[in-house]
Structure formats: C-alpha cells, structure tokens
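Worksheet: the structure to be examined is printed underneath.
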Number of protein chains: 2
Amino acid sequence: METNKPLTPDRIMGMISAFQASGVLKGAIELGLFTALGKERKSADQLAEEIKASPKGTRIMCDFLSVHGMLEKVDDHYQSAPDAALFLDRNSPAYFGSVGQLMATKDIFTPFMDVASLVRKGGTTLQGQGTVEANYPMWVQFARDMVPMMMPAAGFISELVCKDLDAATPLKVLDLAAGHGVFGIEIAKRHPGAEIVAQDWAPVLDVATENAQKAGVHDRHQRIEGSAFDVDLGDGYDVVLLTNFLHHFDAQTCTDLLKRIHASLNDGGRVVTVEFVPNADRVSPPFESCFSMIMLATTASGDAYTFAELEKMFTDAGFNQNELIRKEGLPQSIVVSKK
Amino acid sequence: METNKPLTPDRIMGMISAFQASGVLKGAIELGLFTALGKERKSADQLAEEIKASPKGTRIMCDFLSVHGMLEKVDDHYQSAPDAALFLDRNSPAYFGSVGQLMATKDIFTPFMDVASLVRKGGTTLQGQGTVEANYPMWVQFARDMVPMMMPAAGFISELVCKDLDAATPLKVLDLAAGHGVFGIEIAKRHPGAEIVAQDWAPVLDVATENAQKAGVHDRHQRIEGSAFDVDLGDGYDVVLLTNFLHHFDAQTCTDLLKRIHASLNDGGRVVTVEFVPNADRVSPPFESCFSMIMLATTASGDAYTFAELEKMFTDAGFNQNELIRKEGLPQSIVVSKK
C-alpha cells in the first residue's frame with residue numbers, strides 16, 4: 001500500500017458488499033440471462049420477456065452486471081462479456097454455470113451470513129454434521145452439476161493411473177464417495193481392463209450410474225450403497241480413488257477411514273487422493289487456503305489439510321509412501337499413497 | 001480483455017464466491033478481531049482467547065483475511081493491514097466498522113441469496129413493503145451506526161445551507177425521516193439561528209434526540225413522530241432536508257410526498273435532497289448505479305433515480321428550480337430545489 005495516499009474505507013466497503021455481486025450473478029445464471037443473450041445485443045425489455053421476469057428487475061440486474069463487467073452496455077442494449085458468453089450460456093459447450101450455482105448454493109451462502117457464530121463454535125451452524133449428514137440432499141445436485149469443474153482432474157488422474165498398463169491388465173478400482181463418478185468413469189474409458197466399484201449414498205450413486213451408462217462403461221461399473229464409514233468396501237483393489245472427501249472430516253476420522261481403505265487394497269495398491277492442499281503457511285495458494293473457510297461453514301469438523309497433515313494421516317493408517325502432485329491449471333492437488 | 005489469452009472461468013468463480021469475503025469480514029468486525037489486534041501481532045491462539053472464539057475458527061478466519069489482504073501474516077502471527085487498523089479497530093477515532101456491519105446486515109444479505117426471485121417480481125422478497133414497513137426494526141440500528149458514513153455529507157450540507165447567513169437570522173428546518181438526525185444537527189451546530197424539527201418513527205427519533213443532546217443543540221431540536229406520508233409536517237420552513245429517503249419509493253409516491261413538502265415550505269424555501277444519483281447511462285458512477293439493486297432487494301418499489309427523474313418529480317410537485325451538486329469524495333449527490 002502506498003504510504004503517501006490517505007487511507008480510505010473503500011477496500012473494506014467493497015469487500016463487505018461483495019455478496020451482492022455473488023447474488024446477482026447467481027440469479028442471472030438461474031434466470032438464463034446469458035443464454036437469452038447468446039452473442040446478441042438486447043434491451044432490458046426484450047430480455048425481461050425472454051427470461052420471464054419484470055422489466056424493472058431485469059434492467060437493474062443488467063446494469064449491475066454491466067458495472068461488474070459481466071455485460072457490456074451500449075445505448076441501452078446489453079451484450080455478454082466474452083467469458084460470460086463462453087461459460088454462462090447453456091448453449092456453449094464450455095458451460096460452467098451449474099458450478100457457479102453450486103458455489104453460491106443456499107447451504108453455503110446461509111452460514112456465511114453469520115461467520116461470527118461459525119468462528120465462536122469452530123464448526124458449521126447448519127444442523128448436526130452439516131453437509132455431511134447422511135443423505136444430505138445437496139450432494140445429488142452437486143453430483144449433477146460439479147462435473148465441468150472435475151473433468152480436468154479426472155482426465156489427469158486416469159492418465160496417471162493407467163499409464164504403462166497393457167490394455168488387458170486387470171485393474172480393480174474403488175471410487176469412494178463417487179458422487180458424479182467421473183473419476184472412476186474416466187479410468188474405465190481409458191483402460192479396458194478396469195473394473196470400477198463406486199460407493200456413495202444411493203440417490204447420489206444413481207447420478208454416477210447414469211454417467212457410466214452415458215459413457216458406455218456401465219458393464220464395468222458396480223455399486224456399493226451407503227456410508228463410506230460403515231459399509232463393507234470389499235477388497236482386492238489396485239486403486240482407491242479418494243476425491244474431495246477427506247476435507248469434510250477431522251484428522252482422526254480421516255485416519256480411521258484410511259485404515260479401512262488400507263485393508264481393502266492389494267499389497268502395492270495405491271490411493272489417489274484429490275484435495276485442496278494449502279501450503280504450510282496456510283495463506284498460499286489463495287483458493288486452497290480459503291477453502292478451509294467453506295469447511296468451517298458447512299461441516300462440523302472439516303478443514304483443508306496441508307501435505308504434512310495428510311502425510312501423517314496416511315502414515316498413521318499404515319501407508320508408507322506419499323507423493324504430492326501439483327499440476328498447473330488444476331485447482332486441486334493429488335496425493336498418491338502406496339500400501 | 002486481451003484476445004490472445006485463453007478465457008478462463010476464474011473471474012466468474014471469483015465473483016460468485018465473493019459473498020464469502022463479505023461474510024468473513026463482517027464476522028471479524030462483529031467479533032472485534034481488529035480491535036483485539038490493535039497495532040500488535042498476535043497468533044490465532046492468542047486472538048481466539050481475546051475474542052472468545054474457537055482456536056480453529058479463529059485460525060481459519062485469520063488465514064482467509066490474510067489471503068484477502070485485510071491481515072498480514074508473518075510466522076504464524078497476524079497483523080491488521082493499515083486500512084483495517086484505521087477503520088475497523090473500535091479504539092480508532094476513524095472507526096467505520098458499524099457501517100460495515102450494516103452493509104451486510106441480515107435484512108440486506110438475505111434477499112441477495114435469491115436474486116432470481118427479486119428480478120422476477122421486480123421488488124423485495126422481504127415481507128410487505130420490505131425495509132420501509134412502518135417501524136421496521138433495522139432503522140434504529142441504522143440510525144445508530146450510519147453516522148460515520150453520513151458525516152461528510154452532513155458537514156457539506158450545513159455549510160451549503162448556512163453560508164451568507166447572519167448568526168441571528170432565523171432558519172426553520174424540517175429534517176424529514178431524520179434517522180440519526182445528524183443532517184439537522186450539523187446545521188444547528190453551525191447556525192445559532194436554526195430551529196430543527198426532526199420527523200421519524202419514535203424509536204428512530206430517539207436516536208436523533210440523543211445525538212442532539214450530545215451535540216448540545218437539543219433546545220433547538222423538536223420532534224414529529226410518525227410517518228412522513230401521514231403526519232402533520234407543520235409549515236413555515238426555510239429548508240427541508242430530504243436525505244436518503246426518496247430511493248425507497250416509486251416516482252408517484254415521491255411526487256406526492258414532495259407536494260406535501262412544497263406546502264410546508266415558505267416561498268423561496270429550499271429542499272436539500274441527498275441521494276445516490278446514477279448518470280443517465282445507469283452504469284456510472286459504479287456505486288450509485290449498483291445502489292438500485294439494494295433497493296430492488298429490500299423495498300417493494302424503490303430505485304436509484306437519475307437527475308432527470310428527480311427533476312421530473314420536483315417539477316410535478318411544483319418546484320421550479322433544481323440543481324445537482326456532485327462533490328468529489330462524497331458517495332452521494334445533493335439536489336437543491338427551490339419553491
């Protein structure tokens with residue numbers, strides 16, 4: 001900060017009001033504003049008719065989005081900014097709007113209205129265990145909508161797991177808390193010898209099964225319904241996929257789960273963990289470091305774990321080799337642990 | 001936007017997640033984090049004890065604020081950024097935290113969780129008329145906490161109204177929807193001949209009366225309790241202060257109110273209106289233009305009006321001269337209208 005300029009509260013006011021931009025962008029996606037615009041220029045009145053909303057509300061929303069650079073306004077007509085046109089128009093192959101909706105879903109937005117209570121308590125103000133309660137409804141939507149965000153990591157991991165394998169080599173894979181299932185499905189698509197066993201709550205697993213059918217790998221995609229902590233996970237696995245799961249729980253719960261996973265693996269088998277992993281300073285990289293706040297807001301005891309913390313959990317569970325892989329362009333890191 | 005760089009969804013994801021920063025900063029102010037820090041460096045554990053919160057929650061909040069530049073983290077110790085130390089420490093004379101709290105108060109935060117419904121409806125999803133329902137409780141807090149944000153405009157207006165007046169010249173001032181009352185009180189402080197009549201709901205007016213007592217001008221500070229639309233406003237006024245009020249209502253309601261005000265004024269009397277006034281393009285200046293979104297979210301029919309729109313209301317109500325004053329550094333504009 002320059003010292004010769006007088007300090008103003010502008011930065012503080014901007015940050016404290018930033019929720020407005022989140023809400024407006026989320027609302028615009030939900031209303032299909034960017035889809036209605038496509039690559040055209042339209043007036044607020046035209047748009048209001050197409051998105052079935054009030055002219056006044058549409059005008060105010062569009063002006064707000066113009067100020068925030070998501071639209072461009074020329075002579076009372078609005079046009080999507082290039083990134084908004086690419087990622088927020090449902091007709092675009094790069095559509096990312098579903099992810100946007102989820103990032104600001106009510107289950108996450110609500111606890112952020114009262115962060116003081118979260119910080120006092122040290123955990124979510126949602127009921128019980130928060131979003132990790134059995135059959136918490138949000139996860140079905142997550143499974144449906146998070147796919148675009150997970151595809152880059154899923155592609156990278158399938159390459160990592162399948163490289164140097166002959167097509168016929170059998171590979172038994174447990175996809176734990178599979179959700180959408182794309183991590184296992186990408187492996188099945190790449191490696192004909194792969195058999196995927198996907199575990200999750202039944203309603204979520206239905207999304208994975210649907211995705212496996214669409215990908216044409218459902219004959220090699222089995223199901224285990226129930227909680228990862230209670231259900232019989234089977235055994236004989238070469239690979240266990242543990243993607244976006246550990247951050248929901250405290251270290252002891254994670255370690256206990258890793259022991260169950262260890263028991264289900266063949267000797268020499270691997271766990272591939274996908275996590276947001278902050279550096280030891282916990283303030284870099286930015287997204288990974290801030291992710292712990294989402295866990296504080298939505299779970300009773302979750303966190304974003306450093307590599308040292310993850311390593312300790314795996315070591316305590318009997319694994320003897322852990323490698324951290326950070327890949328440019330992937331929001332998450334990958335930890336490969338060997339039995 | 002540079003065309004040779006591939007587009008990423010980063011800007012969209014940043015905007016849609018921005019509510020987290022609002023929530024965390026608001027929570028930190030509420031917990032007194034910046035007050036506990038003062039100008040020192042403290043660890044999360046120390047801070048947790050001082051702000052009576054969990055060590056884990058405190059650590060996560062402080063790391064989040066460090067990533068967002070409100071704290072600086074060195075060796076597991078946190079320090080307030082210069083602007084945070086100046087404006088968010090209760091012991092600082094420039095404390096602005098109360099305003100910050102209000103900008104993200106639940107009554108505003110909540111409707112922004114469902115902007116799609118606001119835009120469909122063209123008005124607030126809060127009950128009834130939203131925040132302009134009779135005796136809406138938020139306004140007492142507003143009256144208490146908005147003072148630091150209003151002082152620069154109040155100072156400017158008192159100068160504007162009182163210049164060229166002899167100390168003994170009588171000046172009868174109606175402070176409509178007075179709230180904290182500081183617009184009238186600043187005039188009373190500057191001009192010994194001023195008599196202020198402050199109107200608002202009784203519980204809000206109590207704050208104005210309290211402030212008038214603190215300022216030592218309570219003997220020239222009278223009260224009219226009730227709604228600006230129904231109550232007898234009296235007459236013989238030289239100046240009517242109409243600050244931050246019109247934006248809550250539709251144009252017709254504003255015009256009707258202005259007729260009542262017109263009738264209460266002496267010939268040659270002035271209305272001094274304080275408003276967020278967007279330019280005719282409605283996307284500049286940014287804050288003023290975005291303000292209409294807050295009105296959409298919290299009122300049934302409010303808006304941020306351009307000068308042309310305000311001019312029309314005043315002309316329709318019988319005023320024959322309107323001047324727009326924009327002053328560098330003031331978030332609001334001032335319109336002076338003559339009878």
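Numbering starts fresh at 1 for the residues of each chain in the structure tokens, the chains themselves are lettered A, B, ... in the order given, and ligands are numbered from 1 as they appear.
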
**Message:** Env of A:Ala167: 7 Å cut, atoms = only C-alpha atoms, seq-sep filter 5 positions within chain, self excluded. Answer as a list of chain:residue names.
**Reply:**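 Result of the neighbour search: A:His191, A:Pro192, A:Gly193.
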
**Item:** Who sits within 8 Å of stretch 287-296 of chain B, only C-alpha atoms, same chain under 5 positions skipped, as a PyMOL selection string
**Value:** (chain A and resi 57+60-61+63-64+67) or (chain B and resi 108+118-119+122-124+247-248+276-279+282+301-304+331-332)

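Counting only C-alpha atoms, B:Lys172 has the following residues at most 10 Å away, ignoring those fewer than 6 positions along the same chain: Gly193, Ala194, Glu195, Ile196, Val197, Arg220, Asp235, Gly236, Tyr237, Asp238, Val239, Val240, Leu265, Asn266 and Gly269 of chain B.
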
Generate a file of the selected residues that holds N, CA, C and O atoms, formatted as a CSV table (one decimal), in the first residue's frame.
```csv
chain,number,residue,atom,x,y,z
B,193,GLY,N,-29.1,30.5,14.7
B,193,GLY,CA,-30.5,30.9,14.5
B,193,GLY,C,-31.3,29.7,14.0
B,193,GLY,O,-32.5,29.9,13.8
B,194,ALA,N,-30.8,28.6,13.8
B,194,ALA,CA,-31.5,27.4,13.3
B,194,ALA,C,-32.4,26.7,14.3
B,194,ALA,O,-32.0,26.5,15.5
B,195,GLU,N,-33.6,26.4,13.9
B,195,GLU,CA,-34.5,25.6,14.7
B,195,GLU,C,-34.8,24.4,13.9
B,195,GLU,O,-35.3,24.4,12.8
B,196,ILE,N,-34.5,23.2,14.5
B,196,ILE,CA,-34.6,22.0,13.7
B,196,ILE,C,-35.9,21.2,14.2
B,196,ILE,O,-36.1,21.1,15.4
B,197,VAL,N,-36.7,20.8,13.2
B,197,VAL,CA,-37.9,19.9,13.5
B,197,VAL,C,-37.6,18.6,12.8
B,197,VAL,O,-37.5,18.5,11.6
B,220,ARG,N,-33.0,23.4,20.5
B,220,ARG,CA,-33.4,23.8,19.2
B,220,ARG,C,-33.7,22.6,18.3
B,220,ARG,O,-33.5,22.7,17.1
B,235,ASP,N,-45.6,23.9,9.1
B,235,ASP,CA,-45.2,24.8,8.0
B,235,ASP,C,-44.3,25.9,8.4
B,235,ASP,O,-43.8,25.9,9.5
B,236,GLY,N,-44.0,26.8,7.4
B,236,GLY,CA,-43.1,27.9,7.7
B,236,GLY,C,-41.6,27.5,7.6
B,236,GLY,O,-40.8,28.2,8.2
B,237,TYR,N,-41.3,26.4,6.9
B,237,TYR,CA,-39.9,26.0,6.8
B,237,TYR,C,-39.2,26.8,5.8
B,237,TYR,O,-39.7,27.1,4.7
B,238,ASP,N,-37.9,27.1,6.1
B,238,ASP,CA,-37.0,27.7,5.1
B,238,ASP,C,-36.2,26.6,4.4
B,238,ASP,O,-35.9,26.8,3.2
B,239,VAL,N,-36.0,25.5,5.1
B,239,VAL,CA,-35.3,24.4,4.5
B,239,VAL,C,-35.9,23.0,4.9
B,239,VAL,O,-36.3,22.9,6.0
B,240,VAL,N,-36.1,22.2,3.9
B,240,VAL,CA,-36.5,20.8,4.2
B,240,VAL,C,-35.3,19.9,3.8
B,240,VAL,O,-34.9,19.9,2.7
B,265,LEU,N,-43.3,24.5,3.0
B,265,LEU,CA,-42.2,25.4,2.8
B,265,LEU,C,-42.7,26.9,2.7
B,265,LEU,O,-43.7,27.1,2.0
B,266,ASN,N,-41.9,27.8,3.2
B,266,ASN,CA,-42.1,29.2,2.8
B,266,ASN,C,-41.8,29.5,1.3
B,266,ASN,O,-41.0,28.7,0.7
B,269,GLY,N,-38.3,28.9,-0.2
B,269,GLY,CA,-37.7,27.9,0.6
B,269,GLY,C,-37.0,26.8,-0.3
B,269,GLY,O,-37.4,26.6,-1.4
```

**Request:** Calculate how many Å separate atom CA of B:Lys339 from atom CA of B:His262, rounding to one decimal.
**Result:** 6.8 Å

**Request:** Rank nothing, just name the residue among B:Gln101, B:Ser80, B:Thr125, B:Ser227 nearest to B:Glu40, using only C-alpha atoms.
**Result:** B:Ser80

**Message:** Using Å and a single decimal, report how far atom CA of B:Asp76 sits from atom CA of A:Val283.
**Reply:** 10.2 Å

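Shortest separation to chain A among B:Ala84, B:Ile261, B:Val274, B:Leu233 occurs at residue B:Ala84, atoms counted being only C-alpha atoms.
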
**Message:** Among stretch 41-249 of chain B, which residues does DSSP mark as strand (DSSP E or B) when it is run on the backbone? Keep the chain and numbering as in the structure and answer as JSON, numbers by chain.
**Reply:** {"B": [42, 43, 71, 72, 73, 74, 77, 78, 79, 80, 130, 171, 172, 173, 174, 175, 176, 194, 195, 196, 197, 198, 199, 200, 221, 222, 223, 224, 225, 237, 238, 239, 240, 241, 242, 243]}

Based on the selection just made, write N, CA and C atoms of those residues as a CSV table (one decimal), in the first residue's frame.
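The result, written out as out_15.csv:
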```csv
chain,number,residue,atom,x,y,z
B,42,LYS,N,-0.3,-10.9,16.7
B,42,LYS,CA,-0.8,-12.0,17.6
B,42,LYS,C,-1.0,-13.3,16.9
B,43,SER,N,-0.9,-14.4,17.6
B,43,SER,CA,-1.2,-15.7,17.0
B,43,SER,C,-2.7,-16.0,17.0
B,71,LEU,N,-5.5,-8.8,6.7
B,71,LEU,CA,-4.4,-9.0,7.7
B,71,LEU,C,-3.1,-9.3,7.0
B,72,GLU,N,-2.0,-9.2,7.7
B,72,GLU,CA,-0.7,-9.6,7.2
B,72,GLU,C,-0.2,-10.7,8.1
B,73,LYS,N,0.2,-11.9,7.5
B,73,LYS,CA,0.6,-13.0,8.3
B,73,LYS,C,2.1,-13.2,8.2
B,74,VAL,N,2.8,-13.1,9.3
B,74,VAL,CA,4.2,-13.4,9.3
B,74,VAL,C,4.5,-14.4,10.4
B,77,HIS,N,1.9,-15.3,12.9
B,77,HIS,CA,1.3,-14.1,13.7
B,77,HIS,C,0.6,-13.2,12.7
B,78,TYR,N,-0.5,-12.6,13.1
B,78,TYR,CA,-1.3,-11.8,12.2
B,78,TYR,C,-1.2,-10.3,12.7
B,79,GLN,N,-1.3,-9.4,11.7
B,79,GLN,CA,-1.3,-8.0,12.0
B,79,GLN,C,-2.4,-7.4,11.1
B,80,SER,N,-3.1,-6.3,11.6
B,80,SER,CA,-4.1,-5.7,10.7
B,80,SER,C,-3.4,-4.9,9.6
B,130,GLY,N,-41.1,-4.5,2.7
B,130,GLY,CA,-39.7,-4.6,3.0
B,130,GLY,C,-39.2,-3.7,4.1
B,171,LEU,N,-33.8,30.4,11.0
B,171,LEU,CA,-33.8,29.4,9.9
B,171,LEU,C,-34.6,28.2,10.4
B,172,LYS,N,-35.8,28.0,9.9
B,172,LYS,CA,-36.6,26.8,10.4
B,172,LYS,C,-36.4,25.7,9.4
B,173,VAL,N,-35.9,24.6,10.0
B,173,VAL,CA,-35.5,23.4,9.2
B,173,VAL,C,-36.3,22.2,9.5
B,174,LEU,N,-36.9,21.6,8.5
B,174,LEU,CA,-37.5,20.2,8.7
B,174,LEU,C,-36.6,19.2,8.3
B,175,ASP,N,-36.2,18.3,9.2
B,175,ASP,CA,-35.3,17.2,8.9
B,175,ASP,C,-36.2,15.9,8.8
B,176,LEU,N,-36.6,15.6,7.5
B,176,LEU,CA,-37.6,14.6,7.2
B,176,LEU,C,-36.9,13.2,7.3
B,194,ALA,N,-30.8,28.6,13.8
B,194,ALA,CA,-31.5,27.4,13.3
B,194,ALA,C,-32.4,26.7,14.3
B,195,GLU,N,-33.6,26.4,13.9
B,195,GLU,CA,-34.5,25.6,14.7
B,195,GLU,C,-34.8,24.4,13.9
B,196,ILE,N,-34.5,23.2,14.5
B,196,ILE,CA,-34.6,22.0,13.7
B,196,ILE,C,-35.9,21.2,14.2
B,197,VAL,N,-36.7,20.8,13.2
B,197,VAL,CA,-37.9,19.9,13.5
B,197,VAL,C,-37.6,18.6,12.8
B,198,ALA,N,-37.4,17.6,13.6
B,198,ALA,CA,-37.0,16.3,13.1
B,198,ALA,C,-38.2,15.3,13.1
B,199,GLN,N,-38.4,14.7,12.0
B,199,GLN,CA,-39.5,13.7,11.9
B,199,GLN,C,-39.0,12.3,11.6
B,200,ASP,N,-39.6,11.4,12.3
B,200,ASP,CA,-39.3,10.0,12.0
B,200,ASP,C,-40.2,9.1,12.9
B,221,HIS,N,-34.1,21.5,18.9
B,221,HIS,CA,-34.3,20.3,18.2
B,221,HIS,C,-35.7,19.7,18.6
B,222,GLN,N,-36.7,19.9,17.8
B,222,GLN,CA,-38.1,19.4,18.1
B,222,GLN,C,-38.3,18.1,17.4
B,223,ARG,N,-39.4,17.4,17.8
B,223,ARG,CA,-39.8,16.1,17.2
B,223,ARG,C,-41.1,16.1,16.6
B,224,ILE,N,-41.3,15.4,15.5
B,224,ILE,CA,-42.6,15.0,15.0
B,224,ILE,C,-42.5,13.5,14.8
B,225,GLU,N,-43.3,12.8,15.5
B,225,GLU,CA,-43.3,11.3,15.5
B,225,GLU,C,-44.3,10.8,14.5
B,237,TYR,N,-41.3,26.4,6.9
B,237,TYR,CA,-39.9,26.0,6.8
B,237,TYR,C,-39.2,26.8,5.8
B,238,ASP,N,-37.9,27.1,6.1
B,238,ASP,CA,-37.0,27.7,5.1
B,238,ASP,C,-36.2,26.6,4.4
B,239,VAL,N,-36.0,25.5,5.1
B,239,VAL,CA,-35.3,24.4,4.5
B,239,VAL,C,-35.9,23.0,4.9
B,240,VAL,N,-36.1,22.2,3.9
B,240,VAL,CA,-36.5,20.8,4.2
B,240,VAL,C,-35.3,19.9,3.8
B,241,LEU,N,-34.8,19.1,4.8
B,241,LEU,CA,-33.8,18.1,4.5
B,241,LEU,C,-34.4,16.8,4.1
B,242,LEU,N,-34.1,16.2,2.9
B,242,LEU,CA,-34.7,15.0,2.5
B,242,LEU,C,-33.6,14.1,2.1
B,243,THR,N,-33.0,13.4,3.1
B,243,THR,CA,-31.8,12.7,2.9
B,243,THR,C,-32.0,11.2,2.9
```

**Residues within 7 Å of stretch 180-184 of chain B, only C-alpha atoms, excluding chain neighbours under 4 positions, as JSON, numbers by chain** = {"B": [143, 144, 147, 154, 175, 188, 196, 207, 208]}

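You will find atom CA of B:Phe96 at 13.1 Å from atom CA of A:Gly14.
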
**Message:** What parts of stretch 30-234 of chain A does DSSP call helix (DSSP H, G or I)? I'd like the answer as a ChimeraX atom specification.
**Reply:** /A:30-31,33-37,44-51,55-67,82-88,97-103,106-112,115-121,138-145,147-162,182-190,202-214,218-220

Distance query B:Asp114 at most 10 Å, only C-alpha atoms, self and fewer than 6 positions along chain excluded, as a JSON list (two decimals) with N, CA, C and O atoms, in the first residue's frame:
```
[["chain", "number", "residue", "atom", "x", "y", "z"],
["A", 23, "GLY", "N", -24.68, -12.73, -5.40],
["A", 23, "GLY", "CA", -26.11, -12.99, -5.52],
["A", 23, "GLY", "C", -26.66, -12.65, -6.90],
["A", 23, "GLY", "O", -27.45, -13.40, -7.47],
["A", 24, "VAL", "N", -26.22, -11.51, -7.42],
["A", 24, "VAL", "CA", -26.75, -11.08, -8.71],
["A", 24, "VAL", "C", -26.27, -12.01, -9.83],
["A", 24, "VAL", "O", -27.06, -12.41, -10.70],
["A", 26, "LYS", "N", -25.36, -15.15, -9.56],
["A", 26, "LYS", "CA", -26.06, -16.42, -9.38],
["A", 26, "LYS", "C", -27.50, -16.32, -9.92],
["A", 26, "LYS", "O", -27.97, -17.21, -10.63],
["A", 27, "GLY", "N", -28.17, -15.24, -9.57],
["A", 27, "GLY", "CA", -29.53, -15.04, -10.03],
["A", 27, "GLY", "C", -29.62, -14.96, -11.55],
["A", 27, "GLY", "O", -30.52, -15.55, -12.17],
["A", 30, "GLU", "N", -29.28, -18.40, -13.00],
["A", 30, "GLU", "CA", -30.52, -19.14, -12.74],
["A", 30, "GLU", "C", -31.63, -18.71, -13.69],
["A", 30, "GLU", "O", -32.42, -19.55, -14.17],
["A", 105, "THR", "N", -24.70, -21.86, -3.49],
["A", 105, "THR", "CA", -25.96, -22.51, -3.11],
["A", 105, "THR", "C", -26.33, -22.12, -1.68],
["A", 105, "THR", "O", -25.47, -21.75, -0.88],
["A", 106, "LYS", "N", -27.61, -22.22, -1.38],
["A", 106, "LYS", "CA", -28.12, -21.74, -0.09],
["A", 106, "LYS", "C", -27.40, -22.39, 1.10],
["A", 106, "LYS", "O", -27.15, -21.73, 2.10],
["B", 125, "THR", "N", -38.28, -9.47, -1.73],
["B", 125, "THR", "CA", -38.89, -10.71, -1.28],
["B", 125, "THR", "C", -39.06, -10.70, 0.24],
["B", 125, "THR", "O", -39.54, -11.67, 0.81],
["B", 297, "ALA", "N", -33.76, -5.20, -3.79],
["B", 297, "ALA", "CA", -33.68, -6.31, -2.83],
["B", 297, "ALA", "C", -34.45, -6.05, -1.55],
["B", 297, "ALA", "O", -34.94, -6.99, -0.92]]
```

**Item:** Residue with smallest distance to chain A - pool B:Leu324, B:Leu310, B:Leu37, B:Met70, counting only C-alpha atoms
**Value:**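 The answer is B:Met70, which sits nearest to chain A.
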
Residue contacts of A:Arg90 (10 Å, only C-alpha atoms) excluding same-chain residues fewer than 3 positions away, as a compact mmCIF listing (two decimals) with all heavy atoms, in the first residue's frame:
```txt
# COMPACT_ATOMS: atom_id res chain seq x y z
N ILE A 29 -27.60 -16.31 -13.75
CA ILE A 29 -27.39 -17.65 -14.31
C ILE A 29 -28.69 -18.44 -14.20
O ILE A 29 -29.15 -19.08 -15.15
CB ILE A 29 -26.24 -18.39 -13.59
CG1 ILE A 29 -24.92 -17.64 -13.76
CG2 ILE A 29 -26.13 -19.82 -14.09
CD1 ILE A 29 -23.79 -18.16 -12.86
N GLY A 32 -31.23 -17.67 -16.63
CA GLY A 32 -30.84 -17.93 -18.02
C GLY A 32 -30.55 -16.66 -18.80
O GLY A 32 -30.71 -16.62 -20.03
N LEU A 33 -30.08 -15.63 -18.11
CA LEU A 33 -29.83 -14.35 -18.78
C LEU A 33 -28.80 -14.47 -19.90
O LEU A 33 -29.00 -13.96 -21.01
CB LEU A 33 -29.36 -13.31 -17.76
CG LEU A 33 -29.02 -11.93 -18.35
CD1 LEU A 33 -30.29 -11.18 -18.74
CD2 LEU A 33 -28.19 -11.10 -17.39
N PHE A 34 -27.70 -15.17 -19.62
CA PHE A 34 -26.61 -15.24 -20.60
C PHE A 34 -27.00 -16.16 -21.76
O PHE A 34 -26.53 -15.99 -22.88
CB PHE A 34 -25.32 -15.69 -19.92
CG PHE A 34 -24.90 -14.78 -18.80
CD1 PHE A 34 -25.21 -15.09 -17.47
CD2 PHE A 34 -24.26 -13.59 -19.06
CE1 PHE A 34 -24.85 -14.24 -16.44
CE2 PHE A 34 -23.89 -12.72 -18.04
CZ PHE A 34 -24.20 -13.05 -16.72
N THR A 35 -27.86 -17.12 -21.48
CA THR A 35 -28.39 -17.98 -22.54
C THR A 35 -29.32 -17.17 -23.44
O THR A 35 -29.27 -17.30 -24.67
CB THR A 35 -29.14 -19.17 -21.92
OG1 THR A 35 -28.29 -19.80 -20.96
CG2 THR A 35 -29.54 -20.19 -22.98
N ALA A 36 -30.15 -16.34 -22.83
CA ALA A 36 -31.06 -15.50 -23.61
C ALA A 36 -30.28 -14.51 -24.48
O ALA A 36 -30.68 -14.19 -25.60
CB ALA A 36 -32.01 -14.74 -22.68
N GLY A 38 -27.06 -14.95 -25.62
CA GLY A 38 -26.21 -15.58 -26.63
C GLY A 38 -25.13 -14.59 -27.05
O GLY A 38 -24.46 -14.00 -26.21
N ALA A 85 -20.10 -15.10 -22.01
CA ALA A 85 -20.70 -15.76 -23.18
C ALA A 85 -20.20 -17.20 -23.31
O ALA A 85 -20.96 -18.11 -23.64
CB ALA A 85 -20.37 -14.97 -24.45
N LEU A 86 -18.92 -17.39 -23.00
CA LEU A 86 -18.34 -18.73 -23.17
C LEU A 86 -18.79 -19.69 -22.07
O LEU A 86 -19.11 -20.85 -22.33
CB LEU A 86 -16.81 -18.64 -23.18
CG LEU A 86 -16.06 -19.96 -23.39
CD1 LEU A 86 -16.40 -20.58 -24.75
CD2 LEU A 86 -14.55 -19.74 -23.28
N PHE A 87 -18.85 -19.20 -20.83
CA PHE A 87 -19.05 -20.11 -19.69
C PHE A 87 -20.46 -20.09 -19.11
O PHE A 87 -20.82 -20.97 -18.34
CB PHE A 87 -18.04 -19.80 -18.58
CG PHE A 87 -16.61 -20.03 -18.98
CD1 PHE A 87 -15.72 -18.98 -19.13
CD2 PHE A 87 -16.16 -21.33 -19.24
CE1 PHE A 87 -14.41 -19.19 -19.51
CE2 PHE A 87 -14.84 -21.55 -19.63
CZ PHE A 87 -13.96 -20.48 -19.77
N PRO A 93 -20.60 -25.13 -25.31
CA PRO A 93 -20.04 -26.41 -24.85
C PRO A 93 -19.19 -26.26 -23.59
O PRO A 93 -18.98 -27.22 -22.87
CB PRO A 93 -19.19 -26.88 -26.04
CG PRO A 93 -19.04 -25.70 -26.94
CD PRO A 93 -20.15 -24.75 -26.65
N ALA A 94 -18.73 -25.04 -23.32
CA ALA A 94 -17.90 -24.81 -22.12
C ALA A 94 -18.75 -24.34 -20.93
O ALA A 94 -18.21 -23.83 -19.95
CB ALA A 94 -16.82 -23.78 -22.44
N TYR A 95 -20.07 -24.54 -21.01
CA TYR A 95 -20.97 -24.04 -19.95
C TYR A 95 -20.51 -24.47 -18.56
O TYR A 95 -20.26 -25.65 -18.31
CB TYR A 95 -22.40 -24.56 -20.20
CG TYR A 95 -23.40 -24.07 -19.16
CD1 TYR A 95 -23.73 -22.73 -19.07
CD2 TYR A 95 -24.00 -24.97 -18.28
CE1 TYR A 95 -24.64 -22.27 -18.13
CE2 TYR A 95 -24.93 -24.53 -17.34
CZ TYR A 95 -25.25 -23.19 -17.28
OH TYR A 95 -26.15 -22.75 -16.34
N PHE A 96 -20.41 -23.51 -17.67
CA PHE A 96 -19.85 -23.71 -16.34
C PHE A 96 -20.83 -23.17 -15.29
O PHE A 96 -20.53 -23.14 -14.11
CB PHE A 96 -18.52 -22.93 -16.27
CG PHE A 96 -17.47 -23.55 -15.42
CD1 PHE A 96 -16.72 -24.61 -15.90
CD2 PHE A 96 -17.20 -23.07 -14.14
CE1 PHE A 96 -15.72 -25.19 -15.11
CE2 PHE A 96 -16.21 -23.65 -13.35
CZ PHE A 96 -15.47 -24.70 -13.84
N GLY A 97 -22.00 -22.76 -15.77
CA GLY A 97 -22.94 -22.09 -14.89
C GLY A 97 -23.43 -22.95 -13.74
O GLY A 97 -23.69 -22.45 -12.65
N SER A 98 -23.53 -24.26 -13.98
CA SER A 98 -24.00 -25.15 -12.91
C SER A 98 -23.04 -25.11 -11.73
O SER A 98 -23.46 -25.13 -10.57
CB SER A 98 -24.15 -26.57 -13.43
OG SER A 98 -22.92 -27.03 -13.97
```

**Asked** Using only C-alpha atoms, which residues sit within 12 Å of B:Gly329 once same-chain residues fewer than 2 positions away are excluded, as a ChimeraX atom specification?
**Response** /A:8-10 /B:149-153,156,326-327,331-333

**Prompt:** Which residue gives the smallest distance to chain B among A:Thr58, A:Ser264, A:Gln46, A:Asn320, with only C-alpha atoms counted?
**Reply:** A:Thr58
